[in-house]
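Trainee: Sharing coords-v3.cif below, mmCIF, C-alpha atoms and all ligand atoms:
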data_structure
loop_
_atom_site.label_atom_id
_atom_site.label_comp_id
_atom_site.auth_asym_id
_atom_site.auth_seq_id
_atom_site.Cartn_x
_atom_site.Cartn_y
_atom_site.Cartn_z
CA MET A 1 113.52 181.72 91.97
CA PRO A 2 110.00 180.55 91.12
CA ASP A 3 107.07 182.76 92.17
CA ALA A 4 105.40 182.34 95.57
CA ASN A 5 103.16 179.52 94.25
CA GLY A 6 106.07 177.62 92.73
CA VAL A 7 105.42 178.58 89.11
CA PRO A 8 108.75 178.89 87.23
CA THR A 9 110.10 182.25 86.10
CA GLN A 10 111.74 182.97 82.74
CA GLU A 11 115.07 182.13 84.33
CA ASP A 12 113.74 178.75 85.49
CA ILE A 13 112.32 178.05 82.04
CA ALA A 14 115.72 178.88 80.53
CA PHE A 15 117.30 176.40 82.99
CA PHE A 16 114.83 173.69 81.89
CA LYS A 17 115.52 174.41 78.22
CA LYS A 18 119.28 174.18 78.73
CA ASN A 19 119.42 171.23 81.12
CA GLY A 20 116.23 169.25 80.43
CA TYR A 21 115.02 169.24 84.04
CA TRP A 22 113.91 171.59 86.79
CA ILE A 23 113.14 171.23 90.52
CA SER A 24 110.18 173.02 92.11
CA PRO A 25 110.01 174.30 95.67
CA LYS A 26 107.83 172.32 98.09
CA ILE A 27 104.32 172.43 96.63
CA ILE A 28 102.74 169.37 98.28
CA ASP A 29 102.10 169.92 101.98
CA ASP A 30 102.86 167.45 104.76
CA GLU A 31 99.26 166.49 105.45
CA ARG A 32 98.72 165.58 101.78
CA LEU A 33 102.03 163.69 101.68
CA GLU A 34 100.90 161.58 104.63
CA ARG A 35 97.64 160.75 102.83
CA LEU A 36 99.63 159.80 99.71
CA ARG A 37 101.89 157.48 101.72
CA MET A 38 98.78 155.81 103.20
CA SER A 39 97.28 155.44 99.72
CA MET A 40 100.49 153.85 98.53
CA GLU A 41 100.26 151.24 101.30
CA ARG A 42 96.64 150.53 100.40
CA VAL A 43 97.58 149.98 96.77
CA TYR A 44 100.39 147.59 97.80
CA ARG A 45 97.85 145.65 99.89
CA HIS A 46 95.62 145.52 96.78
CA ASP A 47 92.93 147.44 98.62
CA PHE A 48 91.70 149.42 95.61
CA GLU A 49 89.49 152.36 96.60
CA THR A 50 87.82 152.61 93.17
CA GLY A 51 87.55 148.86 92.70
CA LYS A 52 89.76 149.07 89.60
CA PRO A 53 93.27 147.59 89.82
CA PRO A 54 96.28 149.48 88.43
CA ALA A 55 97.64 148.44 85.01
CA THR A 56 100.43 146.56 86.80
CA ALA A 57 100.43 146.25 90.57
CA TRP A 58 103.29 145.42 92.93
CA SER A 59 102.04 143.32 95.85
CA TYR A 60 103.37 141.97 99.15
CA GLU A 61 102.50 138.46 97.97
CA THR A 62 104.34 138.43 94.66
CA GLY A 63 106.74 141.40 94.73
CA ARG A 64 110.44 141.12 95.53
CA PRO A 65 110.81 142.66 99.01
CA ASN A 66 114.19 144.25 98.31
CA GLY A 67 113.68 145.41 94.74
CA LEU A 68 112.18 148.56 93.27
CA ARG A 69 108.41 148.53 93.70
CA LYS A 70 106.84 149.81 90.50
CA THR A 71 103.10 150.07 89.99
CA ASP A 72 101.74 151.48 86.74
CA ASN A 73 98.60 153.61 86.79
CA ALA A 74 97.87 153.58 90.51
CA ASN A 75 95.69 156.62 89.69
CA TRP A 76 93.05 154.21 88.34
CA SER A 77 92.74 152.68 91.81
CA ASP A 78 93.19 155.45 94.34
CA LEU A 79 91.50 158.85 94.45
CA THR A 80 94.24 160.58 96.48
CA ILE A 81 96.84 159.53 93.91
CA ARG A 82 94.49 160.49 91.08
CA ALA A 83 93.99 163.97 92.61
CA LEU A 84 97.77 164.38 92.70
CA ALA A 85 98.04 163.42 89.03
CA LEU A 86 95.36 166.01 88.20
CA GLU A 87 96.81 168.71 90.48
CA PRO A 88 96.40 172.01 88.59
CA LEU A 89 99.57 173.54 90.05
CA ILE A 90 101.68 170.65 88.71
CA GLY A 91 99.93 171.17 85.37
CA GLU A 92 100.60 174.91 85.47
CA ILE A 93 104.29 174.35 86.15
CA ALA A 94 104.49 171.73 83.37
CA ALA A 95 102.79 174.19 80.98
CA ALA A 96 105.26 176.94 81.85
CA LEU A 97 108.27 174.63 81.32
CA ALA A 98 106.94 173.18 78.05
CA GLU A 99 105.81 176.68 76.97
CA THR A 100 102.33 175.54 76.13
CA ASP A 101 98.74 176.48 77.02
CA THR A 102 97.35 173.01 77.71
CA ILE A 103 98.57 170.10 79.80
CA ARG A 104 96.88 166.70 79.82
CA PHE A 105 97.70 163.83 82.18
CA TRP A 106 97.91 160.28 80.81
CA GLU A 107 99.90 157.88 83.00
CA ASP A 108 101.59 157.46 86.38
CA GLN A 109 103.99 155.20 88.20
CA LEU A 110 104.08 154.64 91.93
CA LEU A 111 107.68 153.97 92.95
CA LEU A 112 109.26 152.76 96.18
CA LYS A 113 112.90 151.93 96.90
CA PRO A 114 113.05 150.07 100.20
CA ALA A 115 115.59 151.13 102.83
CA ARG A 116 118.92 149.30 102.53
CA SER A 117 118.07 147.99 99.07
CA GLY A 118 121.62 148.32 97.83
CA GLY A 119 123.19 145.41 96.04
CA ASN A 120 121.73 146.43 92.73
CA SER A 121 118.18 145.27 93.24
CA SER A 122 116.55 148.67 93.13
CA ASN A 123 118.54 150.72 90.63
CA VAL A 124 116.75 152.36 87.75
CA GLY A 125 118.80 152.07 84.58
CA TRP A 126 119.59 155.05 82.36
CA HIS A 127 116.76 155.82 80.01
CA GLN A 128 114.93 158.53 78.15
CA ASP A 129 111.19 158.29 78.78
CA TYR A 130 110.57 158.85 75.07
CA HIS A 131 112.28 155.52 74.33
CA TYR A 132 109.06 153.97 75.69
CA TRP A 133 106.71 156.55 74.19
CA GLY A 134 107.13 156.22 70.43
CA CYS A 135 103.32 156.33 70.21
CA PHE A 136 103.65 160.11 70.34
CA GLN A 137 105.21 162.16 67.53
CA ASN A 138 106.69 165.06 69.43
CA PRO A 139 109.14 164.38 72.30
CA GLU A 140 109.36 168.07 73.17
CA THR A 141 105.67 168.02 74.17
CA LEU A 142 106.08 165.20 76.72
CA LEU A 143 107.27 165.59 80.27
CA THR A 144 107.33 163.89 83.64
CA ALA A 145 106.73 165.33 87.10
CA TRP A 146 108.33 163.28 89.89
CA VAL A 147 106.74 163.96 93.28
CA ALA A 148 108.94 163.18 96.30
CA TYR A 149 106.91 161.61 99.15
CA ASP A 150 110.12 161.53 101.24
CA ASP A 151 113.32 163.54 101.40
CA VAL A 152 115.55 162.22 98.60
CA ASP A 153 119.32 162.38 98.27
CA GLU A 154 122.18 160.28 96.94
CA GLU A 155 122.08 157.94 99.96
CA ASN A 156 118.51 156.79 99.37
CA GLY A 157 118.89 156.57 95.60
CA CYS A 158 117.55 159.88 94.30
CA MET A 159 117.17 160.32 90.55
CA GLN A 160 120.21 161.47 88.59
CA MET A 161 119.90 163.49 85.38
CA VAL A 162 122.41 163.98 82.58
CA PRO A 163 122.11 167.75 82.00
CA GLY A 164 121.62 168.70 78.35
CA SER A 165 121.00 165.12 77.17
CA HIS A 166 117.50 166.07 75.95
CA GLN A 167 119.31 167.61 72.98
CA TRP A 168 120.97 164.32 71.97
CA GLY A 169 117.97 162.72 70.24
CA VAL A 170 116.84 159.17 71.00
CA MET A 171 119.88 157.17 72.12
CA ARG A 172 120.79 153.52 71.82
CA GLY A 173 121.00 151.48 75.04
CA ASN A 174 117.99 152.85 76.97
CA ASP A 175 116.95 150.34 79.64
CA PHE A 176 114.93 151.17 82.77
CA TYR A 177 115.85 147.80 84.29
CA GLU A 178 119.64 147.84 83.73
CA GLN A 179 121.49 147.62 87.08
CA ASN A 180 125.09 148.35 86.03
CA LEU A 181 124.62 152.10 85.77
CA LYS A 182 128.28 153.03 85.38
CA LYS A 183 128.92 150.78 82.42
CA GLN A 184 125.58 151.59 80.82
CA LEU A 185 126.21 155.34 80.95
CA GLN A 186 129.69 154.92 79.50
CA ASP A 187 128.28 152.81 76.69
CA MET A 188 125.44 155.23 75.97
CA ALA A 189 127.13 158.59 76.27
CA GLY A 190 130.84 158.00 76.69
CA ASN A 191 131.34 156.07 73.47
CA GLU A 192 129.95 159.04 71.59
CA GLU A 193 132.23 161.39 73.51
CA ARG A 194 129.34 163.03 75.26
CA SER A 195 129.54 164.25 78.83
CA THR A 196 128.73 161.61 81.41
CA GLN A 197 128.43 164.26 84.12
CA THR A 198 125.31 163.67 86.19
CA ALA A 199 123.24 165.89 88.48
CA PRO A 200 121.60 164.42 91.62
CA ILE A 201 117.99 165.51 92.11
CA ILE A 202 118.14 166.21 95.83
CA MET A 203 114.75 167.26 97.23
CA LYS A 204 112.71 167.58 100.37
CA ALA A 205 109.42 165.68 100.58
CA GLY A 206 106.79 167.68 98.71
CA GLN A 207 109.15 169.07 96.09
CA VAL A 208 108.58 168.01 92.50
CA SER A 209 111.16 167.56 89.75
CA PHE A 210 110.22 167.91 86.09
CA HIS A 211 112.06 166.37 83.16
CA HIS A 212 111.85 166.48 79.36
CA SER A 213 111.04 163.14 77.69
CA LEU A 214 114.51 162.95 76.11
CA THR A 215 116.50 163.74 79.26
CA LEU A 216 118.66 160.76 80.19
CA HIS A 217 118.07 159.74 83.82
CA GLY A 218 118.34 156.83 86.23
CA SER A 219 118.93 156.19 89.93
CA GLY A 220 121.27 154.18 92.13
CA PRO A 221 120.73 151.95 95.16
CA ASN A 222 119.16 153.02 98.43
CA VAL A 223 121.99 152.47 100.91
CA SER A 224 120.27 154.44 103.68
CA ASP A 225 117.89 153.47 106.48
CA ARG A 226 115.19 155.58 104.84
CA VAL A 227 112.54 154.48 102.36
CA ARG A 228 112.28 156.43 99.07
CA ARG A 229 108.67 156.84 97.89
CA SER A 230 107.33 158.84 94.93
CA SER A 231 104.87 159.24 92.09
CA ALA A 232 106.09 159.77 88.54
CA LEU A 233 103.35 161.57 86.63
CA HIS A 234 103.42 161.70 82.83
CA TYR A 235 101.93 164.59 80.85
CA VAL A 236 101.32 165.53 77.22
CA THR A 237 100.56 169.00 75.90
CA GLY A 238 97.72 170.29 73.73
CA GLU A 239 100.07 169.81 70.74
CA THR A 240 100.97 166.13 71.26
CA ARG A 241 100.12 163.99 68.24
CA TYR A 242 99.60 160.23 68.05
CA ARG A 243 102.02 158.20 65.95
CA ALA A 244 100.62 154.87 64.74
CA GLY A 245 102.55 151.65 64.98
CA TYR A 246 104.68 152.26 68.07
CA ALA A 247 103.94 151.18 71.66
CA ASP A 248 100.21 151.05 70.95
CA GLY A 249 99.91 148.66 73.91
CA TYR A 250 99.17 151.55 76.29
CA SER A 251 95.50 151.33 77.22
CA GLU A 252 95.20 155.12 76.92
CA ILE A 253 96.28 154.85 73.28
CA GLN A 254 94.01 151.88 72.64
CA GLN A 255 91.05 153.88 73.89
CA PHE A 256 92.09 156.87 71.76
CA ILE A 257 92.19 154.57 68.69
CA ALA A 258 88.84 153.03 69.64
CA LEU A 259 87.37 156.55 69.65
CA GLY A 260 88.60 157.06 66.08
CA GLY A 261 92.06 158.54 66.77
CA LYS A 262 94.29 158.29 63.69
CA ASP A 263 97.99 158.67 62.96
CA GLY A 264 98.88 162.37 63.36
CA ASP A 265 95.79 163.34 65.38
CA ILE A 266 96.20 165.40 68.55
CA VAL A 267 95.64 163.09 71.53
CA HIS A 268 92.52 163.80 73.56
CA GLY A 269 89.66 162.05 75.34
CA ASP A 270 88.90 160.82 78.83
CA MET A 271 92.21 158.98 79.12
CA PHE A 272 94.03 162.29 78.57
CA PRO A 273 92.20 164.64 80.98
CA VAL A 274 93.10 168.34 80.89
CA VAL A 275 94.98 169.28 84.06
CA PHE A 276 95.78 172.85 83.16
CA GLN A 277 94.43 175.23 80.54
CA LYS A 278 95.74 178.77 80.26
CA SER A 279 92.78 181.16 80.18
O1 LIG B 301 112.32 156.88 90.35
C1 LIG B 301 113.30 156.72 89.64
O2 LIG B 301 114.41 156.54 90.10
C2 LIG B 301 113.16 156.80 88.14
C3 LIG B 301 111.84 157.34 87.72
C4 LIG B 301 111.74 157.60 86.26
O3 LIG B 301 112.38 156.99 85.47
C5 LIG B 301 110.85 158.65 85.79
O4 LIG B 301 110.16 159.28 86.60
O5 LIG B 301 110.80 158.90 84.56
#
Rewrite the structure from the file as structure tokens, please.

Mentor:
Amino acid sequence: MPDANGVPTQEDIAFFKKNGYWISPKIIDDERLERLRMSMERVYRHDFETGKPPATAWSYETGRPNGLRKTDNANWSDLTIRALALEPLIGEIAAALAETDTIRFWEDQLLLKPARSGGNSSNVGWHQDYHYWGCFQNPETLLTAWVAYDDVDEENGCMQMVPGSHQWGVMRGNDFYEQNLKKQLQDMAGNEERSTQTAPIIMKAGQVSFHHSLTLHGSGPNVSDRVRRSSALHYVTGETRYRAGYADGYSEIQQFIALGGKDGDIVHGDMFPVVFQKS
């Protein structure tokens, strides 16, 4: 059991090391969740509190109504979402799991699976986050915190993890947008005689799941009458180093390079704000 604040114990850290994920108790209270849901709606209406649009923004005008709504870097646009991304307790938990002293935030995704969006329009294909993050050298220093704005279970398309897959290295066949999850997982893991056993990340609103950047994960359709809303928050540690030549398209990386960042340098700067620093 984590301590009273939600910070993982040695046993929890051992679970994360073995399985590549961990689920916190409820650490975001109901009043804050309600503000986050309202912020999400504002972002979808393109009512940007800071005046700055997200990197990519789902909208009612152009977005598919029944598909997964994905908005990258909503934290640029909304201060409530930004405060969540910079939440010290999330940083402290991430630091404990990654066994590091320093956690920096760099990117977020705002995600919504509409109610009754079965029929394969809102699945998230199996992928390892690191597949998209080759701009960093060290996958073990990268992790994601997924904040549930609603109760999540298998009916409304909760995330599924493949326990232990963070020890498999970077796999072939990663694709966030693949919809045929069964076949994809068989192709990725089954053909190599690896376990295709999956673990559903069932949580109450306000709980947060954490996963290693190599943990294989995805999610199925929302066949329920309930919406599934969340923020995926991406963190690096004080040891994360830039690797030149891969996925440099991220604006955070472009800014780091503009400030003189070179291949092998530890990432830092305003686009990688410190969220937690062990004293
Ligand atoms: O929300 C989902 O189902 C997937 C999110 C995801 O891929 C992530 O947080 O890394």

Trainee: Within 9 Å of range 96-110 of chain A, which residues of range 131-225 of chain A show up? Give each one with its shortest atom-to-atom distance in Å (one decimal) and the two atoms involved, counting all atoms listed in the file, rows by chain then rising residue number, as JSON lines.

Mentor:
{"residue": "A:Glu140", "atom": "CA", "partner": "A:Ala98", "partner_atom": "CA", "distance": 7.5}
{"residue": "A:Thr141", "atom": "CA", "partner": "A:Ala98", "partner_atom": "CA", "distance": 6.6}
{"residue": "A:Leu142", "atom": "CA", "partner": "A:Ala98", "partner_atom": "CA", "distance": 8.1}
{"residue": "A:Leu143", "atom": "CA", "partner": "A:Ala98", "partner_atom": "CA", "distance": 7.9}
{"residue": "A:Phe210", "atom": "CA", "partner": "A:Leu97", "partner_atom": "CA", "distance": 8.5}
{"residue": "A:His212", "atom": "CA", "partner": "A:Ala98", "partner_atom": "CA", "distance": 8.4}

Trainee: Name each residue within 7 Å of ligand LIG 301 (chain B), counting all atoms listed in the file, as a list in words.

Mentor: Leu111, Val124, Asp129, Thr144, Ala145, Trp146, Cys158, Met159, Phe176, His217, Gly218, Ser219 and Ala232 of chain A

Trainee: Quote the spacing between CA of Ser231 in chain A and CA of Ile81 in chain A in Å to one decimal place.

Mentor: 8.2 Å

Trainee: If we count all atoms listed in the file, what is near His131 in chain A at a cut-off of 7 Å, once residues fewer than 3 positions away on the same chain are taken out, given as a ChimeraX atom specification?

Mentor: /A:128,134,170,174

Trainee: Calculated over only C-alpha atoms, which of the candidates A:Trp76, A:Tyr177, A:Tyr235, A:Trp133 has the smallest distance to Asp248 in chain A?

Mentor: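 Smallest distance to Asp248 in chain A is found for A:Trp133.
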